[in-house]
Each structure stands twice: as C-alpha cells, then as structure tokens.
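Written below as structure tokens is the structure these notes are about.
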Amino acid sequence: MTHFAAIILAAGKGTRMKSDLHKVLHPIAGKAMIDHLMDSVDALAPAHKVVVVGAGREQLEQALGDRAMTCLQEPQLGTGHAVQQAQGPLGGFDGDVLIMYGDVPFVRPATMQAMLERLRQDDEPAAVVLGFTPADALQYGRVIADAHGRIAKMVEFKDASEEERSCCLCNSGLMAARASDLWALLDRVGNANAQGEYYLPDIVNIAISDGRACAVVTTDDPNEVAGINSRAELAQAEAQWQELKRAEAMADGATLRAPETVFFSWDTQIGRDVTIEPNVVFGPGASVADGATILAFSHIEGAHVGEGCSVGPFARLRPGSVMEAGSKVGNFVEMKNAVLGPGAKANHLTYLGDATVGAEANIGAGTITCNYDGYFKHRTEIGPRAFIGSNSALIAPVKIGADAIVAAGSAVSRDVDEGELRMVRGEQIVKPGWADRFHDTMKKKKAAQKKG
C-alpha cells in the first residue's frame with residue numbers, strides 16, 4: 001500500500017443546502033456524507049488525514065473527533081488556497097497526497113488506489129487527475145489527454161474552444177500528487193481570474209508548462225464523483241445509494257417484493273432467503289438473519305431479527321430489540337430494548353419495552369410492559385411458555401414465572417410464580433333489568449325533549 005496522506009476539503013459554506021447543519025454532515029443512508037468518504041479513505045490506511053474546515057468548523061470538528069486533523073481556511077480563496085492550508089498540519093510529510101472533497105462521498109477505495117498507483121509509474125507525473133465521462137458534459141472543465149492518459153491541457157468550459165468542448169473527458173476535481181511537487185506548484189498558482197481565487201487544477205497546466213508529465217485516471221462510473229450541493233442532489237445521492245444496496249441484497253439471496261419501496265441504512269445486514277415486503281424501512285444497526293420475513297410497513301432500527309422470524313406488518317423494532325429464532329411480532333407491535341425468546345410471539349397491539357420474554361411464551365393483544373415510572377426504566381421478565389392474556393399491564397419491575405398464566409385484563413404489579421394463575425380484576429356487579437329500565441327512561445326523556 002502506498003504511503004500517502006489524504007486531504008479532504010470541507011470549508012465551503014454550502015449555502016444551497018439552506019441548512020444550519022454543515023453540508024458534509026447531512027446523512028445518506030443514515031451516515032454523514034463525509035463519513036462515507038472517510039470510510040473509503042480509511043480502507044487504504046493513510047498515514048495522515050487532514051480535513052480543511054471553514055464555515056461551521058465547530059460542527060465538523062465535533063463530528064470528526066480524533067479521526068482526522070483539521071485546519072482552517074479563512075478567508076476562503078479557492079480550492080488551491082484550501083489545499084495549501086493543510087501544509088502546516090502535514091509538517092514534513094514527503095509522501096503522496098490524495099486530495100478529496102467532503103461533498104463527493106462515493107469515491108471507491110479502488111479508484112483512490114488507481115490514482116496513487118498512476119502517480120508512481122515510470123513517467124512520474126507531477127499530478128494525477130481523476131476524470132469522468134458524464135452522459136452530458138454540460139459545463140464541466142475538460143481534460144485534454146492522449147490515449148495513454150497523458151494530459152496535454154486542462155481547460156475550463158468557458159475558456160475552451162469548440163474543439164476542446166467536444167472532448168467528453170471531464171475534470172472531477174480530485175487529484176493526487178507527491179507532497180514536494182504539490183506545495184511547490186501551489187506556490188506558483190495565481191488568482192488572475194474573475195473570482196480572484198486560487199484554483200487547484202492550475203497546478204496541472206503549470207507542471208505541463210515546465211515540461212513535466214501529468215496524467216488522468218478515468219472512473220467508469222460518473223456517479224462515483226457526483227458532488228452534493230443541494231437538497232435535490234442529496235435526494236439523488238440517497239436514491240443512488242439505495243438502488244445499489246437493494247441490488248446487493250437481492251444478489252446475496254434476499255427477496256424484495258417491491259425493491260423501490262424498501263430503504264436500507266448504511267450498515268443494514270440481510271441474510272439469505274429473507275423476504276422483505278413493500279414499504280419497509282431499516283434504520284442504523286439493523287440485522288436480519290436467514291429465512292426471516294419482514295412484512296409490509298415495518299420499521300427496524302438497532303435491532304436483530306433472528307433466523308426464521310416474522311415481523312409485522314406495521315411493526316416497529318427499536319434499538320436493543322432482539323428476536324431469537326422462530327419468534328414473531330405481528331401488526332402494531334413495538335419492541336424496545338427487549339428480547340423475544342425462541343418461538344415466542346406477540347401477534348398484535350403490544351408494547352414490549354425493557355423486557356425479556358422466554359421461549360414459546362405468548363403475549364396477548366393489548367399487553368403493555370409498563371417500564372417507566374417517570375424517572376427510571378425497569379425491566380419485565382416473562383418466563384418460558386408463559387401466557388399473558390389480552391389487555392394486560394405488567395408493571396415493572398416484575399417477573400412472570402415459567403408456564404404461568406396472567407388472565408386477560410390484569411394489571412400485575414407483583415411477581416407471578418411458575419405455573420401460577422394471576423387474575424387482577426375488579427368485582428363484577430350484576431343488576432338484572434337495569435339496562436332495560438335505563439333505556440326506557442332515556443327514550444322517554446328524548447321524546448319529551450322533541451315535543452318541547
């Protein structure tokens with residue numbers, strides 16, 4: 001692996017996002033876009049990582065923690081000026097430097113590696129540019145290069161001739177260079193342009209004018225270098241990511257009844273022979289084992305669904321939920337920080353919060369584990385093969401023993417022993433004929449009211 005440092009530019013104001021949240025912290029599939037990029041960079045084990053910050057630096061520095069060094073670009077005078085700010089933090093580093101953009105999150109590790117490897121080929125290019133060929137080149141800057149990828153000229157669209165504009169190889173802005181070349185070339189970049197800024201791509205033309213070689217590496221997927229500058233582009237990136245994840249899940253042996261309606265998180269794990277019905281959403285931290293079925297309109301986050309389980313429809317599994325093999329939750333069941341043992345089931349209209357349910361237990365409709373007293377959370381423990389009747393309230397902390405039965409409509413506040421029946425109900429009062437007399441009286445009143 002090449003000894004290299006990564007510089008990630010993230011100093012822009014991101015005004016088109018119209019957000020108080022820093023642009024590169026907006027999530028795609030539940031993960032900040034800069035974290036998608038950093039994961040790819042980390043796959044190549046860089047010697048150093050420097051993130052260039054500007055507006056919203058406090059947010060970025062807090063989000064990054066100790067995962068990267070940061071340096072401030074203030075004022076913001078262009079991409080070349082931004083890269084120069086990283087020279088201090090990198091100190092005497094003399095290896096290769098990879099320059100990325102925090103709002104271009106989907107660059108693959110293999111593409112980064114290809115740029116670094118091209119930098120070390122026999123012609124020793126002063127800089128390597130990542131190029132791409134979009135369906136519509138629009139007003140992207142062009143890379144004029146020969147068949148071997150040696151660059152003759154970099155030109156902005158507005159400055160290009162008609163012949164140069166006919167070239168479809170475009171500049172992504174991503175670049176690799178040796179540190180010694182990079183700093184020396186940046187020192188020579190001027191700002192004699194309409195914006196009065198120092199542009200990173202200018203180092204290529206400066207190097208070429210010195211007789212140095214520069215090269216382009218081309219990605220075969222234009223989406224890989226798509227930048228995100230607005231809410232609409234963020235939505236497009238989300239759709240792009242979801243499409244790839246759905247295809248990956250199906251290729252790995254899962255059935256998606258209506259793939260376009262299923263939404264995964266960045267870390268969702270799906271086993272083989274899993275069936276996922278329409279309109280299912282996975283939040284971060286969800287995993288589904290082989291043979292499970294996720295029925296329509298269910299939401300799973302921070303939860304594990306075991307082998308052969310059934311979830312939903314309209315179920316919600318919140319963080320800390322674990323369904324062990326063959327267990328089942330049905331429609332309008334919510335679990336939070338709860339374990340449903342092997343073969344146990346809660347088929348409908350139930351809340352299981354801070355609970356442990358033993359194997360083969362049955363939780364009746366309308367059951368609630370009352371886990372919160374306004375200050376603290378408490379656990380409910382339900383033993384194997386216990387039967388909890390419908391519309392029961394289990395007031396935690398409470399334990400229900402193995403094979404015990406809680407009668408329907410009970411509010412249980414004390415432990416129930418193994419094999420015991422617990423019935424907590426008020427006395428039933430019977431008044432024969434009372435309802436008939438009530439109806440007669442009320443009908444007469446209503447009739448009198450109408451006459452009046």
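Every chain in the structure tokens takes a letter, A first, then B, and so on in the order presented; its residues are numbered from 1, and the ligands are numbered from 1 following the presented order.
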
Which of stretch 213-266 of chain A DSSP labels helix (DSSP H, G or I), written as a list in words
Pro222, Asn223, Glu224, Val225, Arg231, Ala232, Glu233, Leu234, Ala235, Gln236, Ala237, Glu238, Ala239, Gln240, Trp241, Gln242, Glu243, Leu244, Lys245, Arg246, Ala247, Glu248, Ala249, Met250, Ala251, Pro259, Glu260 and Thr261 of chain A

DSSP strand (DSSP E or B) residues within stretch 268-338 of chain A, as an NGL selection string
:A and (269-270 or 275-276 or 281-282 or 287-288 or 293-294 or 299-300 or 304-305 or 310-311 or 316-317 or 322-323 or 328-336)

Identify, on the basis of only C-alpha atoms, every residue whose closest approach to A:Gly291 does not exceed 9 Å; exclude the query and any residue fewer than 4 positions from it along the same chain; express the result as a list in words.
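Non-adjacent residues within range: Ala254, Gly271, Arg272, Asp273, Val274, Thr275, Gly306, Glu307, Gly308 and Cys309 of chain A.
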
Rounded to one decimal, what separation in Å do you get between atom CA of A:Phe132 and atom CA of A:Val225?
7.8 Å

At a cut-off of 12 Å, using only C-alpha atoms, what residues contact A:Pro75? Leave out same-chain residues fewer than 2 positions from it and give the result as a ChimeraX atom specification.
/A:11-13,53-55,72-73,77-79,81-82,85,197-198

In Å to one decimal, how far is atom CA of A:Ile395 from atom CA of A:Lys377?
11.0 Å

Do you have the atom CA of A:Val128-atom CA of A:Val204 distance handy?
8.5 Å

Quick one: everything within 8 Å of stretch 216-222 of chain A, counting only C-alpha atoms, minus sequence neighbours fewer than 3 positions away in the same chain. Send it as JSON, numbers by chain.
{"A": [111, 114, 115, 118, 128, 129, 130, 131, 132, 133, 134, 143, 145, 149, 150, 151, 225, 226]}

Counting only C-alpha atoms, which residue out of A:Val97, A:Ile208, A:Ala10, A:Leu44 sits closest to A:Ser180?
A:Val97

Pull the closest atom pair for each residue of stretch 54-151 of chain A that gets at most 10 Å from stretch 232-251 of chain A, along with the distance in Å to one decimal, counting only C-alpha atoms, ordering rows by chain and then ascending residue number, as a Markdown table.
```
| residue | atom | partner | partner_atom | distance |
| --- | --- | --- | --- | --- |
| A:Asp103 | CA | A:Leu234 | CA | 9.7 |
| A:Val104 | CA | A:Ala237 | CA | 9.9 |
| A:Pro105 | CA | A:Ala237 | CA | 9.2 |
| A:Phe106 | CA | A:Trp241 | CA | 8.9 |
```

Name all residues at most 12 Å from stretch 426-442 of chain A (count only C-alpha atoms; drop same-chain ones fewer than 3 positions away) and give them as a compact mmCIF listing (two decimals) with all heavy atoms, in the first residue's frame.
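Heads up, here's the output in out_32.txt:
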```txt
# COMPACT_ATOMS: atom_id res chain seq x y z
N GLY A 409 -56.88 -8.78 30.96
CA GLY A 409 -57.34 -7.59 31.65
C GLY A 409 -56.69 -7.36 33.00
O GLY A 409 -57.13 -6.48 33.74
N SER A 410 -55.63 -8.09 33.32
CA SER A 410 -54.99 -7.95 34.62
C SER A 410 -53.94 -6.85 34.62
O SER A 410 -53.24 -6.64 33.63
CB SER A 410 -54.33 -9.28 35.03
OG SER A 410 -55.30 -10.29 35.22
N ALA A 411 -53.81 -6.17 35.76
CA ALA A 411 -52.72 -5.21 35.99
C ALA A 411 -51.82 -5.82 37.06
O ALA A 411 -52.17 -5.80 38.25
CB ALA A 411 -53.26 -3.87 36.42
N MET A 423 -54.92 -13.36 38.39
CA MET A 423 -56.07 -12.63 37.85
C MET A 423 -56.27 -11.39 38.71
O MET A 423 -56.45 -11.49 39.93
CB MET A 423 -57.33 -13.50 37.89
CG MET A 423 -58.56 -12.83 37.31
SD MET A 423 -60.04 -13.86 37.46
CE MET A 423 -59.59 -15.26 36.45
N LYS A 445 -87.29 10.62 27.98
CA LYS A 445 -86.71 11.95 28.07
C LYS A 445 -86.45 12.56 26.70
O LYS A 445 -86.71 13.76 26.46
CB LYS A 445 -85.40 11.91 28.86
CG LYS A 445 -85.57 11.76 30.35
CD LYS A 445 -84.21 11.84 31.05
CE LYS A 445 -84.38 11.77 32.57
NZ LYS A 445 -83.08 11.86 33.28
N LYS A 446 -85.95 11.72 25.81
CA LYS A 446 -85.64 12.21 24.45
C LYS A 446 -86.91 12.60 23.71
O LYS A 446 -86.95 13.64 23.00
CB LYS A 446 -84.86 11.14 23.68
CG LYS A 446 -84.27 11.65 22.38
CD LYS A 446 -83.31 10.62 21.80
CE LYS A 446 -82.62 11.18 20.56
NZ LYS A 446 -81.64 10.22 20.00
N ALA A 447 -87.98 11.77 23.89
CA ALA A 447 -89.25 12.06 23.23
C ALA A 447 -89.85 13.36 23.76
O ALA A 447 -90.37 14.19 22.99
CB ALA A 447 -90.22 10.90 23.43
N ALA A 448 -89.75 13.55 25.08
CA ALA A 448 -90.28 14.78 25.69
C ALA A 448 -89.53 16.01 25.22
O ALA A 448 -90.09 17.08 25.00
CB ALA A 448 -90.21 14.67 27.22
N GLN A 449 -88.23 15.83 25.02
CA GLN A 449 -87.39 16.95 24.54
C GLN A 449 -87.81 17.37 23.14
O GLN A 449 -87.84 18.58 22.81
CB GLN A 449 -85.93 16.50 24.57
CG GLN A 449 -84.93 17.62 24.56
CD GLN A 449 -83.51 17.10 24.73
OE1 GLN A 449 -83.06 16.28 23.93
NE2 GLN A 449 -82.83 17.56 25.76
```

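Near A:Val311, within 8 Å and counting only C-alpha atoms, sit Thr293, Ile294, Leu295, Ser298, Lys328, Val329 and Gly330 of chain A, not including residues fewer than 6 positions from it in the same chain.
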
Keeping C-alpha atoms, export the residues of the selection given above as a short mmCIF file (atom, residue, chain, number, x, y, z; two decimals), in the first residue's frame.
```cif
data_model
loop_
_atom_site.label_atom_id
_atom_site.label_comp_id
_atom_site.auth_asym_id
_atom_site.auth_seq_id
_atom_site.Cartn_x
_atom_site.Cartn_y
_atom_site.Cartn_z
CA THR A 293 -39.82 -12.43 6.81
CA ILE A 294 -40.35 -8.70 7.19
CA LEU A 295 -43.93 -7.83 6.35
CA SER A 298 -42.41 -2.26 9.33
CA LYS A 328 -42.87 -13.50 15.88
CA VAL A 329 -44.18 -9.97 16.28
CA GLY A 330 -47.31 -9.04 14.40
#
```
